[in-house]
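Below is one structure, written out as structure tokens; comments come after it.
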Amino acid sequence: MASAKAMAQDEHHFVLKSGHAIPAVGLGTWRAGSDTAHSVQTAITEAGYRHVDTAAQYGIEQEVGKGLKAAMEAGINRKDLFVTSKIWCTNLAPERVRPALKNTLKDLQLDYIDLYLIHWPFRLKDGAHQPPEAGEVLEFDMEGVWREMERLVTDGLVKDIGICNFSVTKLNRLLQSANIPPAVCQMEMHPGWKNDKIFEACKKHGIHVTAYSPLGSSEKNLAHDPVVEKIANKLNKTPGQVLIKWALQRGTSVIPKSTKDERIKENMQVFGWEIPEEDFQVLCGIKDEKRVLTGEELFVNKTHGPYKSASEVWDNED
């Protein structure tokens with residue numbers, strides 16, 4: 001698989017189907033905790049980030065809002081920022097879409113957001129357990145929910161809409177009825193889980209891909225992988241920078257998460273240099289591929305279903 005530099009508008013952005021530009025590197029905020037407001041403000045005002053990725057389910061949107069407000073008060077223009085949020089599974093019913101977004105806008109202290117994603121393509125009952133008990137995974141009216149998300153675009157509350165954690169099967173189902181196709185598909189992607197099937201499907205349909213967990217996870221931390229470390233030493237970069245750059249050269253934007261000021265700044269220092277093609281291919285060849293975020297604890301009930309295994313969650317596409 002060759003590098004995909006040509007897909008970028010410039011080194012710092014990719015262009016979505018809508019014509020809007022998404023910054024190549026954004027700040028992820030999952031599990032950012034009490035440092036969230038500070039991290040968001042620091043990322044924007046000191047490190048040069050212009051994309052912040054968050055979600056209602058993270059429970060930190062008010063903190064993200066404080067950080068965004070502080071950055072704008074420091075002189076950053078709202079139109080220069082790109083803010084992504086996600087609708088959670090308990091709100092995946094047509095009548096709940098707009099109220100969910102309104103809550104997010106209130107928490108973020110914004111009039112609109114740039115990108116609104118379906119967090120997972122499954123509907124959960126309010127108060128669902130982890131793992132879910134019998135009857136807590138409900139039928140998901142994907143087409144009805146998407147129509148409501150399209151109306152948010154029409155009404156100017158959201159600039160673009162997209163998806164997260166979709167299988168190819170579910171993407172194809174959505175595309176059959178969508179008037180506004182997804183602008184972005186956000187997925188777990190790193191050299192330990194390249195997720196090629198959905199990546200290729202998105203490329204085929206002109207859907208931009210954002211990679212989350214670009215350094216792997218606590219289960220599989222690729223920053224300590226000997227192959228990554230060797231290439232980082234050769235290029236005089238950190239393993240994290242190499243993994244972020246790999247994602248960019250592959251043609252995806254990326255949302256590394258950190259709450260450490262130094263790491264936040266370091267993660268943005270991925271422009272003005274390249275991973276040589278032979279090293280890029282070595283990273284592509286890292287084996288032991290597996291999905292880390294399977295969704296099992298959220299959606300699998302091994303006795304009652306409707307999903308009795310993680311494989312079923314992904315439509316047996318792994």
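All residue names refer to the structure tokens as shown: chains lettered A, B, ... in order, residues numbered from 1 in each chain, ligands numbered from 1 in order.
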Point to revise | Residues within 12 Å of Asp10 of chain A, only C-alpha atoms, excluding chain neighbours under 6 positions, as number ranges by chain | key: A: 4, 21-24, 248, 251, 271-272
Review point. Can you tell me, as a ChimeraX atom specification, what residues are no more than 8 Å from Val313 of chain A when counting only C-alpha atoms, ignoring any on the same chain fewer than 3 positions away?
Key: /A:294-296,299-300,307,309-310,316
**Study point:** Tyr212 of chain A environment, 9 Å, only C-alpha atoms, sequence neighbours closer than 2 positions dropped, as a ChimeraX atom specification
**Key:** /A:28,186-190,210,214-216,253-257
Export C-alpha atoms of the chosen residues as a short mmCIF file (atom, residue, chain, number, x, y, z; two decimals), in the first residue's frame?
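Produced file again.cif, reproduced below:
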```cif
data_model
loop_
_atom_site.label_atom_id
_atom_site.label_comp_id
_atom_site.auth_asym_id
_atom_site.auth_seq_id
_atom_site.Cartn_x
_atom_site.Cartn_y
_atom_site.Cartn_z
CA GLY A 28 -8.69 13.16 20.91
CA GLN A 186 -13.93 7.30 12.09
CA MET A 187 -12.39 3.94 12.94
CA GLU A 188 -9.73 2.29 15.07
CA MET A 189 -6.65 2.17 12.82
CA HIS A 190 -2.94 1.64 13.46
CA THR A 210 -10.18 9.46 10.55
CA PRO A 214 -3.31 5.65 16.24
CA LEU A 215 -0.72 4.48 18.77
CA GLY A 216 -2.66 1.32 19.58
CA SER A 253 -6.61 12.17 9.43
CA VAL A 254 -5.76 11.21 12.98
CA ILE A 255 -6.85 12.13 16.53
CA PRO A 256 -4.16 11.16 19.06
CA LYS A 257 -5.18 11.69 22.68
#
```
Practice item. Name the residues of segment 13-250 of chain A that come out as alpha helix (DSSP H) in a backbone DSSP run; write them as a PyMOL selection string. Key: chain A and resi 36-45+61-73+94-108+142-154+168-177+196-204+226-235+239-250
Practice item. Show which residues sit within 9 Å of segment 135-142 of chain A, as a VMD selection string. Count only C-alpha atoms, and ignore same-chain residues fewer than 3 positions away. Key: chain A and resid 92 to 94 121 to 129 132 145 to 147 173 to 174 299 to 301 304 to 307
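All residues of protein, DNA or RNA that reach within 7 Å of segment 111-115 of chain A, judged by only C-alpha atoms and not counting those fewer than 2 positions away in the chain, are Phe82, Val83, Thr84, Ser85, Leu105, Leu117, Leu157, Val158, Lys159, Asp160 and Ile161 of chain A.
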Export of the given selection (C-alpha atoms) as a PDB file, in the first residue's frame:
```
ATOM      1  CA  PHE A  82     -13.083  22.098  13.534  1.00  0.00           C
ATOM      2  CA  VAL A  83     -15.112  20.458  16.299  1.00  0.00           C
ATOM      3  CA  THR A  84     -16.329  16.850  16.089  1.00  0.00           C
ATOM      4  CA  SER A  85     -18.851  15.215  18.424  1.00  0.00           C
ATOM      5  CA  LEU A 105     -24.080  22.428  21.536  1.00  0.00           C
ATOM      6  CA  LEU A 117     -20.954  11.199  13.979  1.00  0.00           C
ATOM      7  CA  LEU A 157     -26.508  23.164  13.105  1.00  0.00           C
ATOM      8  CA  VAL A 158     -23.912  20.750  11.729  1.00  0.00           C
ATOM      9  CA  LYS A 159     -21.625  21.232   8.723  1.00  0.00           C
ATOM     10  CA  ASP A 160     -20.963  17.547   8.025  1.00  0.00           C
ATOM     11  CA  ILE A 161     -22.268  14.213   9.267  1.00  0.00           C
TER      12      ILE A 161
END
```
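Near Phe199 of chain A, within 9 Å and counting only C-alpha atoms, sit Cys185, Met187, Lys194, Asn195, Lys203, Lys204, His208 and Val209 of chain A, not including residues fewer than 4 positions from it in the same chain.
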Would you list, as a PDB file with N, CA and C atoms, in the first residue's frame, the residues of segment 132-174 of chain A that end up in strand (DSSP E) under DSSP run on this structure's backbone?
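Dumped to out-v5.pdb:
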```
ATOM      1  N   VAL A 137     -30.331  -4.110  24.157  1.00  0.00           N
ATOM      2  CA  VAL A 137     -29.918  -3.714  22.802  1.00  0.00           C
ATOM      3  C   VAL A 137     -31.182  -3.690  21.948  1.00  0.00           C
ATOM      4  N   LEU A 138     -31.559  -2.502  21.491  1.00  0.00           N
ATOM      5  CA  LEU A 138     -32.834  -2.294  20.812  1.00  0.00           C
ATOM      6  C   LEU A 138     -32.652  -2.253  19.297  1.00  0.00           C
ATOM      7  N   VAL A 158     -25.056  21.641  11.934  1.00  0.00           N
ATOM      8  CA  VAL A 158     -23.912  20.750  11.729  1.00  0.00           C
ATOM      9  C   VAL A 158     -23.433  20.960  10.297  1.00  0.00           C
ATOM     10  N   LYS A 159     -22.133  21.044  10.092  1.00  0.00           N
ATOM     11  CA  LYS A 159     -21.625  21.232   8.723  1.00  0.00           C
ATOM     12  C   LYS A 159     -21.536  19.918   7.960  1.00  0.00           C
ATOM     13  N   ASP A 160     -21.101  18.860   8.659  1.00  0.00           N
ATOM     14  CA  ASP A 160     -20.963  17.547   8.025  1.00  0.00           C
ATOM     15  C   ASP A 160     -21.425  16.475   8.994  1.00  0.00           C
ATOM     16  N   ILE A 161     -21.878  15.356   8.450  1.00  0.00           N
ATOM     17  CA  ILE A 161     -22.268  14.213   9.267  1.00  0.00           C
ATOM     18  C   ILE A 161     -21.482  12.988   8.832  1.00  0.00           C
ATOM     19  N   GLY A 162     -21.336  12.045   9.753  1.00  0.00           N
ATOM     20  CA  GLY A 162     -20.545  10.866   9.434  1.00  0.00           C
ATOM     21  C   GLY A 162     -20.818   9.734  10.400  1.00  0.00           C
ATOM     22  N   ILE A 163     -19.935   8.749  10.369  1.00  0.00           N
ATOM     23  CA  ILE A 163     -20.146   7.498  11.085  1.00  0.00           C
ATOM     24  C   ILE A 163     -18.870   7.080  11.806  1.00  0.00           C
ATOM     25  N   CYS A 164     -19.054   6.175  12.731  1.00  0.00           N
ATOM     26  CA  CYS A 164     -17.952   5.697  13.564  1.00  0.00           C
ATOM     27  C   CYS A 164     -18.209   4.214  13.822  1.00  0.00           C
TER      28      CYS A 164
END
```
Got a sec: who's within 10 Å of Ser217 of chain A, counting only C-alpha atoms, leaving out chain neighbours fewer than 3 positions off, as a compact mmCIF listing (two decimals) with all heavy atoms, in the first residue's frame?
```txt
# COMPACT_ATOMS: atom_id res chain seq x y z
N HIS A 190 -4.37 1.51 13.14
CA HIS A 190 -2.94 1.64 13.46
C HIS A 190 -2.25 0.46 12.80
O HIS A 190 -2.94 -0.44 12.28
CB HIS A 190 -2.74 1.65 14.99
CG HIS A 190 -3.56 0.63 15.72
ND1 HIS A 190 -3.27 -0.72 15.71
CD2 HIS A 190 -4.69 0.75 16.47
CE1 HIS A 190 -4.18 -1.38 16.42
NE2 HIS A 190 -5.06 -0.51 16.88
N GLY A 192 -1.10 -2.12 13.90
CA GLY A 192 -1.54 -3.39 14.49
C GLY A 192 -2.98 -3.75 14.16
O GLY A 192 -3.44 -4.84 14.45
N SER A 213 -7.18 5.93 18.07
CA SER A 213 -6.20 5.04 18.71
C SER A 213 -5.00 4.79 17.79
O SER A 213 -4.60 3.64 17.57
CB SER A 213 -6.84 3.70 19.12
OG SER A 213 -7.83 3.91 20.09
N PRO A 214 -4.38 5.85 17.23
CA PRO A 214 -3.31 5.65 16.24
C PRO A 214 -2.04 5.03 16.82
O PRO A 214 -1.22 4.52 16.08
CB PRO A 214 -3.03 7.08 15.76
CG PRO A 214 -3.45 7.96 16.89
CD PRO A 214 -4.66 7.28 17.47
N LYS A 220 -2.20 -3.07 23.43
CA LYS A 220 -1.21 -3.24 22.35
C LYS A 220 -0.63 -1.87 22.05
O LYS A 220 -1.03 -1.18 21.11
CB LYS A 220 -1.87 -3.84 21.11
CG LYS A 220 -0.88 -4.16 19.99
CD LYS A 220 -1.60 -4.74 18.78
CE LYS A 220 -0.65 -5.00 17.62
NZ LYS A 220 0.31 -6.05 17.85
N ASN A 221 0.31 -1.42 22.88
CA ASN A 221 0.92 -0.10 22.73
C ASN A 221 2.04 -0.17 21.69
O ASN A 221 3.13 -0.65 21.97
CB ASN A 221 1.45 0.40 24.07
CG ASN A 221 1.91 1.84 23.99
OD1 ASN A 221 2.18 2.36 22.92
ND2 ASN A 221 1.98 2.50 25.13
N LEU A 222 1.73 0.33 20.51
CA LEU A 222 2.68 0.22 19.40
C LEU A 222 3.89 1.13 19.56
O LEU A 222 4.89 0.96 18.87
CB LEU A 222 1.97 0.51 18.08
CG LEU A 222 0.97 -0.56 17.65
CD1 LEU A 222 0.10 -0.04 16.52
CD2 LEU A 222 1.68 -1.83 17.21
N ALA A 223 3.81 2.09 20.47
CA ALA A 223 4.97 2.97 20.72
C ALA A 223 6.14 2.16 21.26
O ALA A 223 7.29 2.61 21.19
CB ALA A 223 4.59 4.09 21.68
N VAL A 292 -8.75 -3.82 18.82
CA VAL A 292 -8.69 -3.70 20.28
C VAL A 292 -10.06 -3.31 20.82
O VAL A 292 -10.56 -3.91 21.77
CB VAL A 292 -7.61 -2.68 20.69
CG1 VAL A 292 -7.62 -2.49 22.20
CG2 VAL A 292 -6.23 -3.14 20.24
N LEU A 293 -10.68 -2.30 20.21
CA LEU A 293 -12.00 -1.85 20.67
C LEU A 293 -13.08 -2.61 19.91
O LEU A 293 -13.53 -2.19 18.85
CB LEU A 293 -12.11 -0.34 20.47
CG LEU A 293 -11.24 0.41 21.49
CD1 LEU A 293 -10.74 1.71 20.92
CD2 LEU A 293 -12.00 0.65 22.77
```
**Study point:** Nearest candidate to Lys230 of chain A (options A:Leu110, A:Leu283, A:Ala100, A:Ala178; using only C-alpha atoms)
**Key:** A:Leu283
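The nearest approach to Ile180 of chain A among the residues A:Asn91, A:Lys17, A:Glu46, A:Lys260, with only C-alpha atoms taken into account, belongs to A:Lys17.
Nearest to Ile76 of chain A of all the residues A:Trp88, A:Val282, A:Gln41, A:Asn103 is A:Gln41, counting only C-alpha atoms.
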Practice item. Please measure the separation of atom CA of Val242 of chain A and atom CA of Pro182 of chain A, giving the value in Å to one decimal. Key: 28.6 Å
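In this comparison, which uses only C-alpha atoms, the residue of A:Leu27, A:Ala43, A:Leu152, A:Ile275 approaching Trp246 of chain A most closely is A:Ile275.
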